[in-house]
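To keep things clear, I will list the structure first and then write my remarks on it.
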Amino acid sequence: ILERTVVRLLLRMRNAWRITRWDPGAGTPTYLLASAFTVTPSLCAQATRVDCVIDSSNSIRGTTNFRHFAHAAESLLACWSFFRRYPAARPRLVLKDLRSIDGVIWAESLVRLMGCEVLGGIRAWQYYLPMATLNAAGCAVRGALRQRSGNGYKGREMKWLMSESDASELQQRLHRNHTAGGVLRVGIANRRGSRNLSNVDAVAAALSSALRSVQASSRGGGDGLQHFMSVDVNVVADLGGWTFLEQATWVSAQMLVVMPHGAGSVNYLFARPCTAILEVYPFGYYLPGEYLNLARAVGALGYTAYPGDTPYNDTDRHSSPAARYQARSVSLAPDPARVAEWAVEAVAASAQCRRHQSQGARAPPREAFA
């Protein structure tokens, strides 16, 4: 009887979903600093190229892991920020230690958007380029991250970019379509397999009902809904099944985004400033410092949904590879009522954020290299 009681209590705790604004604290860095890079000056009077080196010392461990597009993006976006500090030079990625994005479609698409040449990669190493070519800087200024910039755990938050303007430039290159005027777009991006939202239809219905109810009510203007003629709650069954452009365009069109933790969250890169993002985590696996720090870097508002009161302690207790795998392998069913409550509050927070921006708030300036 005691054992059954304990199990019921654990299940009740795991179903006690908590939604909170992710605020890592004033001392937690959002952006990469210039000091995070080693820089080798050009051997020429005027640098004609800017190289960014990615190798085993400054990217995720293991060549297979690097071929996971979200992990590759960690390194690619750091290089993008480095390239932008030398706008007159032609950008080039230098991939070493068998790092490769050959055939990794999302990462290849990001590199095309960045407009840079790629030197290295498995196919290139095998057939075209001798090692001496990879090691020769020539008239290039060459930079490399000193080490991987984080892993998402508390105190080791991932730093993706050097400034918000780095994300804005990529967004502008997409020529993305903004949200149609008068429509509040709320997007739920589901995923196949593990960590999918098993009750996505119930969540969507609760969001739609709550937002439309508030919109039709006689509440004052502080809720942010008075600016919208209609509410559009749309569900993507598997964001990962879409193309790079489709994923990026969809994220940029939403004002509110609900998404389970996973690789698709790297598309926060294309969220507009003041977009409210709710990332849903499984019990025992809580890493808001990974993708929500990217959301923070682009000016979005990050929130977490977690089935318990002690997410960091739970994660510490599930630190073994087997426990992590088990925690990551479940389906998620966040409380629809709590998600709906969050949405109403998030619209107001987003409106307040936009008012703050309109009053002249700006992202920090880009840090220059010496």
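Please note that chains go A, B, ... in the order of the structure tokens, that every chain numbers its residues from 1, and that ligands are numbered from 1 in the order shown.
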Original post:
What are the DSSP strand (DSSP E or B) residues of region 112-308 of chain A, as JSON, numbers by chain?
Top reply: {"A": [117, 118, 119, 120, 140, 141, 142, 143, 144, 145, 183, 184, 185, 186, 187, 188, 189, 197, 230, 231, 232, 233, 234, 235, 236, 256, 257, 258, 259, 260, 276, 277, 278, 279, 280, 301, 302, 303, 304, 305, 306]}
Residues from the last selection, N, CA and C atoms, saved as a compact mmCIF listing (two decimals), in the first residue's frame:
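Listed below is the output, selection31.txt:
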```
# COMPACT_ATOMS: atom_id res chain seq x y z
N GLU A 117 32.02 30.60 -47.80
CA GLU A 117 32.64 29.43 -48.39
C GLU A 117 32.95 28.43 -47.28
N VAL A 118 32.98 27.15 -47.62
CA VAL A 118 33.33 26.12 -46.65
C VAL A 118 34.59 25.41 -47.11
N LEU A 119 35.60 25.40 -46.29
CA LEU A 119 36.85 24.72 -46.57
C LEU A 119 36.98 23.56 -45.59
N GLY A 120 36.93 22.35 -46.10
CA GLY A 120 36.97 21.19 -45.22
C GLY A 120 35.72 20.37 -45.36
N ALA A 140 44.11 35.98 -44.87
CA ALA A 140 42.90 35.95 -44.06
C ALA A 140 43.21 36.28 -42.61
N VAL A 141 42.28 36.99 -41.97
CA VAL A 141 42.30 37.06 -40.52
C VAL A 141 41.56 35.83 -40.05
N ARG A 142 42.11 35.13 -39.08
CA ARG A 142 41.56 33.84 -38.69
C ARG A 142 41.17 33.86 -37.23
N GLY A 143 39.98 33.35 -36.96
CA GLY A 143 39.50 33.28 -35.57
C GLY A 143 38.91 31.93 -35.25
N ALA A 144 38.86 31.63 -33.97
CA ALA A 144 38.26 30.38 -33.51
C ALA A 144 37.81 30.56 -32.08
N LEU A 145 36.66 29.98 -31.75
CA LEU A 145 36.26 29.95 -30.35
C LEU A 145 37.32 29.22 -29.54
N VAL A 183 -3.92 40.08 -36.81
CA VAL A 183 -4.05 38.66 -36.50
C VAL A 183 -3.01 38.29 -35.44
N LEU A 184 -3.48 37.75 -34.33
CA LEU A 184 -2.58 37.24 -33.30
C LEU A 184 -2.28 35.79 -33.63
N ARG A 185 -1.08 35.53 -34.07
CA ARG A 185 -0.70 34.17 -34.47
C ARG A 185 -0.03 33.45 -33.31
N VAL A 186 -0.59 32.30 -32.97
CA VAL A 186 -0.07 31.47 -31.89
C VAL A 186 0.27 30.11 -32.51
N GLY A 187 1.53 29.74 -32.45
CA GLY A 187 1.97 28.52 -33.10
C GLY A 187 2.38 27.45 -32.10
N ILE A 188 1.93 26.22 -32.33
CA ILE A 188 2.36 25.06 -31.55
C ILE A 188 3.13 24.15 -32.50
N ALA A 189 4.41 23.97 -32.24
CA ALA A 189 5.24 23.14 -33.11
C ALA A 189 5.51 21.81 -32.41
N LEU A 197 4.15 16.38 -27.95
CA LEU A 197 3.02 16.82 -27.13
C LEU A 197 1.84 15.90 -27.43
N SER A 230 -8.38 39.19 -34.78
CA SER A 230 -8.67 37.76 -34.71
C SER A 230 -7.48 37.02 -34.11
N VAL A 231 -7.74 35.79 -33.70
CA VAL A 231 -6.72 34.92 -33.11
C VAL A 231 -6.59 33.68 -33.99
N ASP A 232 -5.37 33.35 -34.37
CA ASP A 232 -5.11 32.18 -35.20
C ASP A 232 -4.17 31.25 -34.44
N VAL A 233 -4.70 30.14 -33.93
CA VAL A 233 -3.88 29.12 -33.27
C VAL A 233 -3.62 28.01 -34.27
N ASN A 234 -2.38 27.83 -34.66
CA ASN A 234 -2.05 26.84 -35.68
C ASN A 234 -1.07 25.81 -35.13
N VAL A 235 -1.25 24.55 -35.53
CA VAL A 235 -0.45 23.44 -35.03
C VAL A 235 0.35 22.83 -36.19
N VAL A 236 1.64 22.66 -35.97
CA VAL A 236 2.50 21.95 -36.91
C VAL A 236 2.78 20.58 -36.32
N LEU A 256 3.26 34.09 -30.35
CA LEU A 256 3.44 33.13 -29.26
C LEU A 256 3.82 31.79 -29.88
N VAL A 257 4.79 31.13 -29.28
CA VAL A 257 5.24 29.82 -29.76
C VAL A 257 5.26 28.85 -28.59
N VAL A 258 4.69 27.67 -28.80
CA VAL A 258 4.76 26.58 -27.82
C VAL A 258 5.49 25.42 -28.51
N MET A 259 6.54 24.91 -27.85
CA MET A 259 7.36 23.90 -28.50
C MET A 259 8.00 22.99 -27.44
N PRO A 260 7.98 21.68 -27.65
CA PRO A 260 8.72 20.81 -26.73
C PRO A 260 10.21 20.97 -26.95
N ALA A 276 6.83 35.64 -27.53
CA ALA A 276 6.83 34.86 -26.28
C ALA A 276 6.92 33.39 -26.63
N ILE A 277 7.91 32.71 -26.07
CA ILE A 277 8.19 31.31 -26.40
C ILE A 277 8.07 30.47 -25.15
N LEU A 278 7.26 29.42 -25.23
CA LEU A 278 7.10 28.47 -24.13
C LEU A 278 7.73 27.14 -24.53
N GLU A 279 8.80 26.77 -23.85
CA GLU A 279 9.47 25.50 -24.14
C GLU A 279 9.06 24.49 -23.06
N VAL A 280 8.62 23.30 -23.51
CA VAL A 280 8.08 22.28 -22.63
C VAL A 280 9.14 21.20 -22.39
N LEU A 301 11.00 36.50 -25.53
CA LEU A 301 10.71 36.27 -24.11
C LEU A 301 10.59 34.76 -23.89
N GLY A 302 11.41 34.21 -23.03
CA GLY A 302 11.44 32.78 -22.82
C GLY A 302 10.69 32.33 -21.58
N TYR A 303 9.92 31.25 -21.72
CA TYR A 303 9.17 30.65 -20.61
C TYR A 303 9.40 29.14 -20.63
N THR A 304 9.29 28.54 -19.45
CA THR A 304 9.45 27.09 -19.36
C THR A 304 8.19 26.46 -18.77
N ALA A 305 7.86 25.26 -19.26
CA ALA A 305 6.81 24.43 -18.68
C ALA A 305 7.47 23.15 -18.21
N TYR A 306 7.29 22.85 -16.91
CA TYR A 306 7.98 21.69 -16.33
C TYR A 306 7.04 21.00 -15.33
```
Can you check which parts of region 276-333 of chain A lie within 7 Å of region 163-169 of chain A? Per residue, the shortest pair of atoms and distance in Å to one decimal, counting only C-alpha atoms, sorted by chain and number, as a Markdown table.
```
| residue | atom | partner | partner_atom | distance |
| --- | --- | --- | --- | --- |
| A:Ala297 | CA | A:Glu164 | CA | 5.6 |
| A:Val298 | CA | A:Glu164 | CA | 5.0 |
| A:Gly299 | CA | A:Glu164 | CA | 6.8 |
```
Residue selection dump (C-alpha atoms) as a compact mmCIF listing (two decimals), in the first residue's frame:
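Result saved to part-v5.txt:
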```txt
# COMPACT_ATOMS: atom_id res chain seq x y z
CA ALA A 297 19.73 36.63 -27.64
CA VAL A 298 17.26 37.52 -30.42
CA GLY A 299 15.12 39.60 -28.05
```
**OP:** From region 5-249 of chain A, collect each residue whose DSSP state is helix (DSSP H, G or I) and return the set as a ChimeraX atom specification.
**Re:** /A:5-14,34-36,63-66,69-84,105-114,122-127,131-135,164-173,200-216,221-223,225-227,239-241,244-249
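Proximity ranking of A:Ser329, A:Thr40, A:Asn58, A:Gln171 relative to Arg195 (chain A) places A:Ser329 first, based on only C-alpha atoms.
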Set out as a Markdown table a contact list for region 245-328 of chain A and region 61-82 of chain A with a cut-off of 10 Å, giving each residue of region 245-328 of chain A that qualifies its closest atom pair and distance in Å to one decimal, counting only C-alpha atoms, ordered by chain and rising residue number.
```
| residue | atom | partner | partner_atom | distance |
| --- | --- | --- | --- | --- |
| A:Gly262 | CA | A:Ala70 | CA | 8.8 |
| A:Ala263 | CA | A:Ala70 | CA | 5.4 |
| A:Gly264 | CA | A:Ala70 | CA | 7.6 |
| A:Ser265 | CA | A:Ala70 | CA | 8.3 |
| A:Val266 | CA | A:Ala70 | CA | 6.0 |
| A:Asn267 | CA | A:Ala70 | CA | 9.0 |
| A:Leu269 | CA | A:Leu77 | CA | 9.5 |
| A:Glu290 | CA | A:Glu74 | CA | 9.8 |
| A:Tyr291 | CA | A:Ala70 | CA | 9.5 |
| A:Leu294 | CA | A:Glu74 | CA | 9.7 |
```
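Take the candidates A:Gly150, A:Pro334, A:Gly182, A:Pro273 and check each one against Ser59 (chain A) using only C-alpha atoms; the shortest distance goes to A:Gly150.
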